[in-house]
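Chemist: The following file, run_23.cif, comprises mmCIF, C-alpha atoms:
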data_work
#
loop_
_atom_site.group_PDB
_atom_site.id
_atom_site.type_symbol
_atom_site.label_atom_id
_atom_site.label_comp_id
_atom_site.auth_asym_id
_atom_site.auth_seq_id
_atom_site.Cartn_x
_atom_site.Cartn_y
_atom_site.Cartn_z
ATOM 1 C CA MET O 27 -112.986 -115.411 19.577
ATOM 2 C CA ASP O 28 -113.206 -116.987 16.121
ATOM 3 C CA MET O 29 -116.255 -116.726 13.896
ATOM 4 C CA LYS O 30 -117.386 -120.290 14.514
ATOM 5 C CA ALA O 31 -117.244 -119.935 18.300
ATOM 6 C CA PHE O 32 -119.199 -116.688 18.005
ATOM 7 C CA SER O 33 -121.900 -118.102 15.720
ATOM 8 C CA ASP O 34 -122.519 -121.481 17.316
ATOM 9 C CA ARG O 35 -123.862 -120.142 20.604
ATOM 10 C CA LEU O 36 -127.494 -121.039 21.122
ATOM 11 C CA PRO O 37 -129.765 -118.025 21.657
ATOM 12 C CA SER O 38 -130.576 -117.009 25.208
ATOM 13 C CA PHE O 39 -133.993 -115.927 26.476
ATOM 14 C CA PRO O 40 -133.666 -114.319 29.920
ATOM 15 C CA LEU O 41 -137.004 -114.167 31.702
ATOM 16 C CA PHE O 42 -137.394 -111.173 34.014
ATOM 17 C CA VAL O 43 -139.434 -111.670 37.176
ATOM 18 C CA SER O 44 -140.117 -108.987 39.758
ATOM 19 C CA ALA O 45 -138.284 -109.383 43.049
ATOM 20 C CA ALA O 46 -141.619 -108.419 44.629
ATOM 21 C CA ARG O 47 -143.075 -111.708 43.338
ATOM 22 C CA PRO O 48 -141.156 -114.504 45.121
ATOM 23 C CA ASP O 49 -144.191 -116.723 44.610
ATOM 24 C CA ALA O 50 -143.364 -116.686 40.876
ATOM 25 C CA PHE O 51 -139.640 -117.529 41.087
ATOM 26 C CA ALA O 52 -140.061 -121.300 40.975
ATOM 27 C CA ALA O 53 -142.455 -121.087 38.012
ATOM 28 C CA ALA O 54 -139.974 -118.891 36.171
ATOM 29 C CA CYS O 55 -137.159 -121.385 36.759
ATOM 30 C CA ALA O 56 -139.361 -124.250 35.565
ATOM 31 C CA CYS O 57 -140.758 -122.671 32.386
ATOM 32 C CA GLY O 58 -137.958 -123.954 30.138
ATOM 33 C CA THR O 59 -135.843 -120.850 29.613
ATOM 34 C CA ASP O 60 -132.071 -120.819 30.112
ATOM 35 C CA MET O 61 -131.902 -117.754 32.396
ATOM 36 C CA VAL O 62 -134.071 -116.085 35.012
ATOM 37 C CA VAL O 63 -133.445 -112.472 36.041
ATOM 38 C CA ILE O 64 -134.849 -111.387 39.395
ATOM 39 C CA ASP O 65 -135.571 -107.703 38.897
ATOM 40 C CA LEU O 66 -134.794 -105.314 41.742
ATOM 41 C CA GLU O 67 -135.148 -102.236 39.551
ATOM 42 C CA ASP O 68 -138.121 -101.193 37.399
ATOM 43 C CA SER O 69 -140.709 -103.584 38.795
ATOM 44 C CA VAL O 70 -140.147 -102.717 42.459
ATOM 45 C CA ALA O 71 -141.490 -99.560 44.132
ATOM 46 C CA PRO O 72 -138.851 -97.343 45.794
ATOM 47 C CA ASP O 73 -140.140 -97.975 49.307
ATOM 48 C CA SER O 74 -139.887 -101.763 48.766
ATOM 49 C CA LYS O 75 -136.426 -102.022 47.225
ATOM 50 C CA ALA O 76 -134.635 -102.886 50.465
ATOM 51 C CA ALA O 77 -137.298 -105.338 51.619
ATOM 52 C CA VAL O 78 -137.315 -107.419 48.419
ATOM 53 C CA ARG O 79 -133.673 -108.399 48.965
ATOM 54 C CA ARG O 80 -134.899 -110.734 51.713
ATOM 55 C CA ILE O 81 -135.766 -113.505 49.286
ATOM 56 C CA PRO O 82 -137.391 -116.457 51.086
ATOM 57 C CA GLU O 83 -135.206 -119.553 50.976
ATOM 58 C CA SER O 84 -138.174 -121.583 49.725
ATOM 59 C CA ALA O 85 -138.836 -119.254 46.769
ATOM 60 C CA LEU O 86 -136.201 -120.821 44.512
ATOM 61 C CA PRO O 87 -136.041 -124.540 43.690
ATOM 62 C CA LYS O 88 -133.153 -126.365 45.325
ATOM 63 C CA GLN O 89 -132.314 -128.040 42.034
ATOM 64 C CA ARG O 90 -132.333 -125.813 38.957
ATOM 65 C CA SER O 91 -130.590 -125.902 35.613
ATOM 66 C CA VAL O 92 -131.227 -122.264 34.674
ATOM 67 C CA LYS O 93 -128.762 -119.474 35.318
ATOM 68 C CA LEU O 94 -129.920 -116.946 37.886
ATOM 69 C CA TYR O 95 -129.151 -113.227 37.540
ATOM 70 C CA LEU O 96 -130.170 -110.134 39.499
ATOM 71 C CA ARG O 97 -131.053 -106.882 37.810
ATOM 72 C CA VAL O 98 -129.641 -104.386 40.274
ATOM 73 C CA ASN O 99 -130.619 -100.754 40.532
ATOM 74 C CA GLY O 100 -128.525 -98.409 38.461
ATOM 75 C CA ILE O 101 -125.217 -96.843 39.367
ATOM 76 C CA GLY O 102 -125.774 -93.630 41.310
ATOM 77 C CA THR O 103 -129.077 -94.752 42.835
ATOM 78 C CA LEU O 104 -129.595 -95.138 46.583
ATOM 79 C CA TRP O 105 -129.864 -98.918 46.276
ATOM 80 C CA HIS O 106 -127.066 -99.854 43.866
ATOM 81 C CA ARG O 107 -124.300 -100.614 46.369
ATOM 82 C CA ASP O 108 -126.507 -102.771 48.595
ATOM 83 C CA ASP O 109 -127.933 -104.576 45.561
ATOM 84 C CA VAL O 110 -124.417 -105.465 44.388
ATOM 85 C CA ALA O 111 -123.455 -106.627 47.882
ATOM 86 C CA PHE O 112 -126.573 -108.797 47.919
ATOM 87 C CA ALA O 113 -125.674 -110.281 44.503
ATOM 88 C CA ARG O 114 -122.236 -111.157 45.845
ATOM 89 C CA MET O 115 -123.617 -112.681 49.032
ATOM 90 C CA ALA O 116 -126.299 -114.654 47.180
ATOM 91 C CA GLY O 117 -123.744 -116.104 44.764
ATOM 92 C CA VAL O 118 -125.934 -115.618 41.692
ATOM 93 C CA ASP O 119 -124.479 -116.252 38.239
ATOM 94 C CA GLY O 120 -124.378 -112.571 37.408
ATOM 95 C CA VAL O 121 -126.059 -109.185 37.372
ATOM 96 C CA VAL O 122 -127.919 -107.118 34.820
ATOM 97 C CA LEU O 123 -126.934 -103.461 35.022
ATOM 98 C CA PRO O 124 -129.602 -101.039 33.769
ATOM 99 C CA LYS O 125 -128.672 -97.784 32.049
ATOM 100 C CA ALA O 126 -125.010 -98.664 31.589
ATOM 101 C CA GLU O 127 -123.221 -95.518 30.459
ATOM 102 C CA GLY O 128 -119.463 -96.087 30.595
ATOM 103 C CA ALA O 129 -116.640 -98.570 31.038
ATOM 104 C CA PRO O 130 -115.153 -97.261 34.332
ATOM 105 C CA ALA O 131 -118.360 -97.920 36.242
ATOM 106 C CA LEU O 132 -118.484 -101.471 34.908
ATOM 107 C CA VAL O 133 -114.874 -102.056 35.904
ATOM 108 C CA ALA O 134 -115.792 -100.967 39.436
ATOM 109 C CA LEU O 135 -118.845 -103.220 39.382
ATOM 110 C CA ARG O 136 -116.696 -106.156 38.277
ATOM 111 C CA ALA O 137 -114.372 -105.573 41.221
ATOM 112 C CA ALA O 138 -117.329 -105.590 43.625
ATOM 113 C CA LEU O 139 -118.631 -108.954 42.389
ATOM 114 C CA LEU O 140 -117.344 -112.452 43.006
ATOM 115 C CA PRO O 141 -114.848 -113.874 40.501
ATOM 116 C CA GLY O 142 -116.816 -115.527 37.711
ATOM 117 C CA GLN O 143 -120.008 -113.532 38.192
ATOM 118 C CA LYS O 144 -121.062 -112.078 34.818
ATOM 119 C CA ILE O 145 -122.303 -108.635 33.844
ATOM 120 C CA ILE O 146 -125.021 -107.965 31.265
ATOM 121 C CA ALA O 147 -125.033 -104.235 30.482
ATOM 122 C CA GLN O 148 -128.340 -102.770 29.327
ATOM 123 C CA ILE O 149 -128.072 -99.941 26.821
ATOM 124 C CA GLU O 150 -131.060 -97.737 27.639
ATOM 125 C CA THR O 151 -129.885 -94.145 27.201
ATOM 126 C CA ALA O 152 -128.337 -91.983 24.503
ATOM 127 C CA ARG O 153 -125.168 -91.686 26.581
ATOM 128 C CA GLY O 154 -124.943 -95.447 26.916
ATOM 129 C CA LEU O 155 -125.495 -95.921 23.201
ATOM 130 C CA SER O 156 -122.739 -93.397 22.413
ATOM 131 C CA ARG O 157 -120.326 -95.490 24.484
ATOM 132 C CA CYS O 158 -121.587 -98.984 23.679
ATOM 133 C CA GLU O 159 -118.297 -100.003 22.050
ATOM 134 C CA GLU O 160 -116.289 -99.330 25.217
ATOM 135 C CA ILE O 161 -119.022 -100.882 27.352
ATOM 136 C CA ALA O 162 -118.934 -104.036 25.216
ATOM 137 C CA GLU O 163 -115.213 -104.354 25.911
ATOM 138 C CA VAL O 164 -115.723 -104.708 29.674
ATOM 139 C CA ALA O 165 -119.204 -106.253 30.002
ATOM 140 C CA ASP O 166 -119.833 -109.936 29.328
ATOM 141 C CA ARG O 167 -122.836 -109.100 27.180
ATOM 142 C CA LEU O 168 -124.911 -106.164 25.979
ATOM 143 C CA ALA O 169 -128.700 -106.008 26.109
ATOM 144 C CA LEU O 170 -130.942 -103.472 24.430
ATOM 145 C CA GLY O 171 -133.462 -101.584 26.563
ATOM 146 C CA SER O 172 -135.412 -100.338 23.577
ATOM 147 C CA LEU O 173 -138.359 -98.798 25.421
ATOM 148 C CA ASP O 174 -136.199 -96.680 27.722
ATOM 149 C CA LEU O 175 -133.801 -95.784 24.917
ATOM 150 C CA CYS O 176 -136.585 -94.520 22.660
ATOM 151 C CA GLU O 177 -137.998 -92.563 25.577
ATOM 152 C CA ASP O 178 -134.603 -90.974 26.213
ATOM 153 C CA LEU O 179 -134.176 -90.103 22.538
ATOM 154 C CA GLY O 180 -137.733 -88.867 22.079
ATOM 155 C CA ALA O 181 -138.111 -91.425 19.301
ATOM 156 C CA ARG O 182 -141.075 -93.625 18.447
ATOM 157 C CA HIS O 183 -140.633 -97.272 19.365
ATOM 158 C CA THR O 184 -140.632 -98.546 15.781
ATOM 159 C CA ARG O 185 -138.356 -100.819 13.819
ATOM 160 C CA MET O 186 -137.285 -98.008 11.529
ATOM 161 C CA ALA O 187 -136.247 -95.820 14.462
ATOM 162 C CA LEU O 188 -134.483 -98.708 16.208
ATOM 163 C CA LEU O 189 -132.735 -100.235 13.189
ATOM 164 C CA PRO O 190 -129.488 -98.209 13.394
ATOM 165 C CA LEU O 191 -129.454 -98.512 17.183
ATOM 166 C CA ARG O 192 -129.839 -102.283 17.096
ATOM 167 C CA SER O 193 -127.207 -102.630 14.383
ATOM 168 C CA ARG O 194 -124.745 -100.563 16.396
ATOM 169 C CA LEU O 195 -125.098 -102.881 19.394
ATOM 170 C CA VAL O 196 -124.530 -105.954 17.233
ATOM 171 C CA MET O 197 -121.427 -104.352 15.727
ATOM 172 C CA ALA O 198 -120.110 -103.286 19.145
ATOM 173 C CA ALA O 199 -120.443 -106.815 20.509
ATOM 174 C CA ARG O 200 -118.763 -108.309 17.461
ATOM 175 C CA LEU O 201 -115.826 -105.900 17.628
ATOM 176 C CA ALA O 202 -115.380 -106.705 21.319
ATOM 177 C CA GLY O 203 -115.461 -110.441 20.614
ATOM 178 C CA SER O 204 -118.249 -110.880 23.124
ATOM 179 C CA LEU O 205 -121.531 -112.735 22.866
ATOM 180 C CA PRO O 206 -124.144 -111.279 20.513
ATOM 181 C CA PRO O 207 -126.392 -108.797 22.337
ATOM 182 C CA LEU O 208 -129.849 -109.556 23.667
ATOM 183 C CA ASP O 209 -132.799 -107.760 22.112
ATOM 184 C CA GLY O 210 -135.293 -105.834 24.227
ATOM 185 C CA VAL O 211 -138.725 -107.013 25.304
ATOM 186 C CA THR O 212 -141.921 -107.236 23.304
ATOM 187 C CA VAL O 213 -144.674 -105.691 25.410
ATOM 188 C CA SER O 214 -147.395 -108.032 24.172
ATOM 189 C CA VAL O 215 -147.554 -111.328 26.028
ATOM 190 C CA THR O 216 -150.558 -112.760 24.169
ATOM 191 C CA ASP O 217 -149.889 -112.129 20.463
ATOM 192 C CA ASP O 218 -147.630 -115.006 19.440
ATOM 193 C CA ALA O 219 -147.305 -113.737 15.878
ATOM 194 C CA VAL O 220 -146.007 -110.347 17.011
ATOM 195 C CA ILE O 221 -143.578 -111.922 19.493
ATOM 196 C CA ALA O 222 -142.241 -114.401 16.923
ATOM 197 C CA ASP O 223 -141.905 -111.664 14.309
ATOM 198 C CA ASP O 224 -139.973 -109.462 16.739
ATOM 199 C CA ALA O 225 -137.659 -112.359 17.528
ATOM 200 C CA MET O 226 -137.153 -113.139 13.839
ATOM 201 C CA HIS O 227 -136.238 -109.510 13.187
ATOM 202 C CA ALA O 228 -133.699 -109.578 16.034
ATOM 203 C CA ASN O 229 -132.281 -112.833 14.697
ATOM 204 C CA GLU O 230 -131.888 -111.351 11.216
ATOM 205 C CA LEU O 231 -129.903 -108.427 12.648
ATOM 206 C CA GLY O 232 -127.489 -110.672 14.544
ATOM 207 C CA PHE O 233 -128.832 -110.624 18.092
ATOM 208 C CA GLY O 234 -128.156 -113.614 20.287
ATOM 209 C CA GLY O 235 -131.509 -113.853 22.023
ATOM 210 C CA LYS O 236 -134.326 -111.804 23.461
ATOM 211 C CA CYS O 237 -135.405 -110.572 26.884
ATOM 212 C CA LEU O 238 -138.800 -111.824 28.069
ATOM 213 C CA ILE O 239 -141.321 -110.538 30.602
ATOM 214 C CA HIS O 240 -143.647 -113.559 30.629
ATOM 215 C CA PRO O 241 -143.183 -117.324 30.121
ATOM 216 C CA ARG O 242 -145.794 -117.245 27.335
ATOM 217 C CA GLN O 243 -143.269 -115.318 25.246
ATOM 218 C CA LEU O 244 -140.709 -118.125 25.300
ATOM 219 C CA ALA O 245 -142.140 -120.451 22.645
ATOM 220 C CA PRO O 246 -142.816 -117.762 19.994
ATOM 221 C CA SER O 247 -139.433 -116.149 20.704
ATOM 222 C CA ARG O 248 -137.686 -119.469 20.162
ATOM 223 C CA ALA O 249 -139.682 -119.923 16.983
ATOM 224 C CA GLY O 250 -138.387 -116.590 15.703
ATOM 225 C CA PHE O 251 -134.787 -117.704 16.234
ATOM 226 C CA ARG O 252 -135.270 -121.238 14.933
ATOM 227 C CA ALA O 253 -134.003 -121.969 11.429
ATOM 228 C CA ARG O 254 -136.735 -122.067 8.779
ATOM 229 C CA PRO O 255 -137.107 -125.117 6.467
ATOM 230 C CA GLU O 256 -135.862 -123.153 3.439
ATOM 231 C CA ASP O 257 -132.802 -122.058 5.429
ATOM 232 C CA LEU O 258 -132.062 -125.661 6.363
ATOM 233 C CA ASP O 259 -132.315 -126.710 2.707
ATOM 234 C CA TRP O 260 -129.795 -124.006 1.811
ATOM 235 C CA ALA O 261 -127.521 -125.062 4.681
ATOM 236 C CA ARG O 262 -127.497 -128.702 3.577
ATOM 237 C CA HIS O 263 -126.616 -127.651 0.044
ATOM 238 C CA ALA O 264 -123.853 -125.328 1.274
ATOM 239 C CA LEU O 265 -122.303 -127.983 3.507
ATOM 240 C CA ALA O 266 -122.456 -130.535 0.731
ATOM 241 C CA ALA O 267 -120.620 -128.110 -1.558
ATOM 242 C CA ASP O 268 -118.064 -127.373 1.150
ATOM 243 C CA ASP O 269 -117.406 -131.112 1.488
ATOM 244 C CA GLY O 270 -116.777 -131.373 -2.229
ATOM 245 C CA ALA O 271 -119.991 -133.230 -2.987
ATOM 246 C CA LEU O 272 -120.786 -130.746 -5.751
ATOM 247 C CA PRO O 273 -118.633 -129.897 -8.791
ATOM 248 C CA ASP O 274 -115.620 -127.710 -8.079
ATOM 249 C CA ALA O 275 -117.160 -124.717 -9.848
ATOM 250 C CA ALA O 276 -120.000 -124.686 -7.332
ATOM 251 C CA GLY O 277 -117.730 -125.482 -4.428
ATOM 252 C CA GLU O 278 -115.410 -122.561 -5.076
ATOM 253 C CA VAL O 279 -117.841 -120.078 -3.545
ATOM 254 C CA GLN O 280 -118.509 -122.212 -0.463
ATOM 255 C CA HIS O 281 -115.766 -120.803 1.745
ATOM 256 C CA SER O 282 -115.696 -120.573 5.538
ATOM 257 C CA PRO O 283 -118.224 -117.751 6.195
ATOM 258 C CA VAL O 284 -120.826 -119.665 4.201
ATOM 259 C CA ALA O 285 -119.972 -122.910 5.956
ATOM 260 C CA VAL O 286 -120.143 -121.224 9.374
ATOM 261 C CA ARG O 287 -123.601 -119.844 8.621
ATOM 262 C CA ALA O 288 -124.748 -123.222 7.344
ATOM 263 C CA GLN O 289 -123.482 -124.959 10.486
ATOM 264 C CA ARG O 290 -125.225 -122.395 12.680
ATOM 265 C CA LEU O 291 -128.509 -122.918 10.846
ATOM 266 C CA MET O 292 -128.195 -126.686 11.111
ATOM 267 C CA LEU O 293 -127.521 -126.376 14.828
ATOM 268 C CA ARG O 294 -130.668 -124.312 15.322
ATOM 269 C CA GLY O 295 -132.624 -126.718 13.143
ATOM 270 C CA GLN O 296 -131.778 -129.507 15.591
ATOM 271 C CA TRP O 297 -133.403 -127.798 18.572
ATOM 272 C CA PRO O 298 -136.006 -129.938 20.302
ATOM 273 C CA MET O 299 -139.529 -128.613 20.222
ATOM 274 C CA ASP O 300 -140.564 -126.438 23.153
ATOM 275 C CA GLU O 301 -142.602 -129.137 24.836
ATOM 276 C CA GLU O 302 -139.432 -131.279 24.935
ATOM 277 C CA LEU O 303 -137.347 -128.420 26.344
ATOM 278 C CA ALA O 304 -139.715 -127.482 29.164
ATOM 279 C CA PRO O 305 -139.496 -129.533 32.384
ATOM 280 C CA ALA O 306 -142.479 -131.602 33.376
ATOM 281 C CA GLY O 307 -145.233 -129.497 34.851
ATOM 282 C CA SER O 308 -143.836 -126.220 33.596
ATOM 283 C CA GLY O 309 -146.864 -125.601 31.426
ATOM 284 C CA ALA O 310 -149.088 -125.532 34.454
ATOM 285 C CA ASN O 311 -146.654 -123.271 36.260
ATOM 286 C CA ALA O 312 -146.585 -120.857 33.357
ATOM 287 C CA LYS O 313 -150.366 -120.777 33.171
ATOM 288 C CA GLY O 314 -150.521 -120.126 36.881
ATOM 289 C CA ALA O 315 -148.183 -117.181 36.530
ATOM 290 C CA ALA O 316 -150.246 -115.880 33.620
ATOM 291 C CA ALA O 317 -153.393 -116.029 35.709
ATOM 292 C CA LYS O 318 -151.678 -113.812 38.287
ATOM 293 C CA GLY O 319 -150.843 -111.188 35.716
ATOM 294 C CA GLY O 320 -147.380 -112.264 34.620
ATOM 295 C CA LEU O 321 -143.974 -112.503 36.218
ATOM 296 C CA SER O 322 -142.744 -108.972 35.669
ATOM 297 C CA GLY O 323 -144.391 -105.792 36.843
ATOM 298 C CA LYS O 324 -142.832 -103.814 33.992
ATOM 299 C CA SER O 325 -145.374 -104.898 31.372
ATOM 300 C CA ARG O 326 -148.243 -103.492 33.415
ATOM 301 C CA ARG O 327 -146.530 -100.200 34.119
ATOM 302 C CA LYS O 328 -145.290 -99.623 30.591
ATOM 303 C CA GLY O 329 -148.387 -100.359 28.604
ATOM 304 C CA ARG O 330 -146.929 -99.339 25.275
ATOM 305 C CA SER O 331 -147.045 -101.581 22.262
ATOM 306 C CA ARG O 332 -144.289 -102.050 19.752
#
What do you get writing this file as structure tokens?

Modeler:
Amino acid sequence: MDMKAFSDRLPSFPLFVSAARPDAFAAACACGTDMVVIDLEDSVAPDSKAAVRRIPESALPKQRSVKLYLRVNGIGTLWHRDDVAFARMAGVDGVVLPKAEGAPALVALRAALLPGQKIIAQIETARGLSRCEEIAEVADRLALGSLDLCEDLGARHTRMALLPLRSRLVMAARLAGSLPPLDGVTVSVTDDAVIADDAMHANELGFGGKCLIHPRQLAPSRAGFRARPEDLDWARHALAADDGALPDAAGEVQHSPVAVRAQRLMLRGQWPMDEELAPAGSGANAKGAAAKGGLSGKSRRKGRSR
């Protein structure tokens, strides 16, 4: 994959919704995100994991533009094989694998899925982190599970502690020629400034999007990945120099990496505003989900802040 193809991908914001909340599936699909992940893992109690696979036919809209993924239970759990069989039968776009820890298991998972179904591998343990380069070679995308990873390492969930871990995932994805990884969730669903700042930090490090646990996080997360006015001014200047509009002395330094970055910034600067992206009525749906306590059960169980 060349640098331009790698850089021009628009960020992705997968919204996780508990499989125990089929009443929230339609709202999740209508909130304006590009991907919805129905979670069979963390947000579902052990004694309910088999039952939640019986998703009511009416729970999902018949017409949807978002990609639909399942987060299956991890390899080695009692439910993993049946979850994967369900993903195959349901014909979803792909699966999210929690606690990915090695390439062979992902190769086996790939063989168990339908051709074309994608795999997002979550790096949530020290073992998984130590093998993230090989995992990136066989998964379609990496995602950071920062809360679980810090718990496994005994580290505080801070930017300083996570900086080398995040950078390693970005490097692993780049070396594998795969899509940039997805950053982990922000626990707060009400503090837009914190959510946007988290997203901006992930964007600066080279992530290709951010996992969400509530539709209210979508707008501030997009804002964190959107190009800033000063960046757009720089991009216009760089592209003008690359086209020879400036004197040769200035143009000499405007080679392809600079032009690629400028084009990426211009692309993100052309995003429509969030109210244009969201389908009609999605605001009401999102508010309804918020009134019920959110789409994912994980935020209530893991009440830790950043």

Chemist: One decimal, in Å: what's the spacing between atom CA of O:Thr59 and atom CA of O:Arg192?

Modeler: 23.2 Å

Chemist: May I ask for the distance between atom CA of O:Glu67 and atom CA of O:Pro190, given in Å to one decimal place?

Modeler: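 The value is 27.1 Å.
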
Chemist: Evaluate the PyMOL selection byres ((chain O and resi 103) around 12) against this structure - the residues, as a list in words, please.

Modeler: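 Expected selection for the PyMOL selection byres ((chain O and resi 103) around 12) here is Glu67, Pro72, Lys75, Val98, Asn99, Gly100, Ile101, Gly102, Leu104, Trp105, His106, Arg107, Asp108, Asp109, Val110, Leu123, Pro124 and Lys125 of chain O.
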
Chemist: Considering only C-alpha atoms, state which residue in the set O:Val133, O:Leu265, O:Val215, O:Val164 is at the smallest distance from O:Leu238.

Modeler: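 Using only C-alpha atoms, the shortest distance to O:Leu238 belongs to O:Val215.
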
Chemist: Could you list, as a list in words, every residue within 9 Å of stretch 171-182 of chain O, counting all atoms listed in the file and ignoring same-chain residues fewer than 3 positions away?

Modeler: Pro124, Lys125, Gln148, Ile149, Glu150, Thr151, Ala152, Leu155, Arg185, Ala187, Leu188, Leu191, Arg192, Asp209, Gly210, Val211, Lys328, Arg330 and Arg332 of chain O

Chemist: Please determine, counting only C-alpha atoms, which residue among O:Ala245, O:Ala199, O:Ala285, O:Ala264 has the shortest atom-to-atom distance to O:Asp217.

Modeler: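 Among O:Ala245, O:Ala199, O:Ala285, O:Ala264, it is O:Ala245 that comes nearest to O:Asp217.
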
Chemist: With distances taken over all atoms listed in the file, which residue among O:Leu189, O:Ala169, O:Ala222, O:Ile145 lies nearest O:Leu208?

Modeler: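 Nearest candidate to O:Leu208 out of O:Leu189, O:Ala169, O:Ala222, O:Ile145: O:Ala169.
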
Chemist: Could you spell out the hits of the PyMOL selection byres ((chain O and resi 92) around 9) on the shown file, as number ranges by chain?

Modeler: O: 55-56, 58-62, 90-91, 93-94

Chemist: So how far away is atom CA of O:Ala225 from atom CA of O:Arg35, in Å?

Modeler: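 Between atom CA of O:Arg35 and atom CA of O:Ala225 the gap is 16.1 Å.
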
Chemist: Given the file shown, enumerate the residues that the PyMOL selection byres ((chain O and resi 223) around 12) captures and present them as a ChimeraX atom specification.

Modeler: /O:185,212,214,217-222,224-230,236,243,246-252,332

Chemist: Please identify all polymer residues within 7 Å of stretch 37-47 of chain O, counting only C-alpha atoms, omitting same-chain residues fewer than 6 positions from it, and present them as a PyMOL selection string.

Modeler: chain O and resi 59-66+69-70+78+234-240+321-323

Chemist: Give the answer as one residue: which of O:Pro48, O:Leu96, O:Pro130, O:Leu135 has the shortest atom-to-atom distance to O:Val118, using only C-alpha atoms?

Modeler: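 Result for the nearest residue to O:Val118: O:Leu96.
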
Chemist: How big is the axis-aligned box around all listed atoms of stretch 200-217 of chain O once 4 Å goes on each side, and where's its centre, in Å to one decimal, as lines of an AutoDock Vina configuration file?

Modeler:
center_x = -133.0
center_y = -109.2
center_z = 21.7
size_x = 43.2
size_y = 15.1
size_z = 16.6

Chemist: Between O:Asp259, O:Asp49, O:Asp166, O:Asp68, single out the one closest to O:Ser84, counting all atoms listed in the file.

Modeler: O:Asp49

Chemist: Pick from O:Arg114, O:Arg194, O:Arg254, O:Arg262: nearest to O:Pro207, with only C-alpha atoms counted?

Modeler: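 Of O:Arg114, O:Arg194, O:Arg254, O:Arg262, the one nearest O:Pro207 is O:Arg194, counting only C-alpha atoms.
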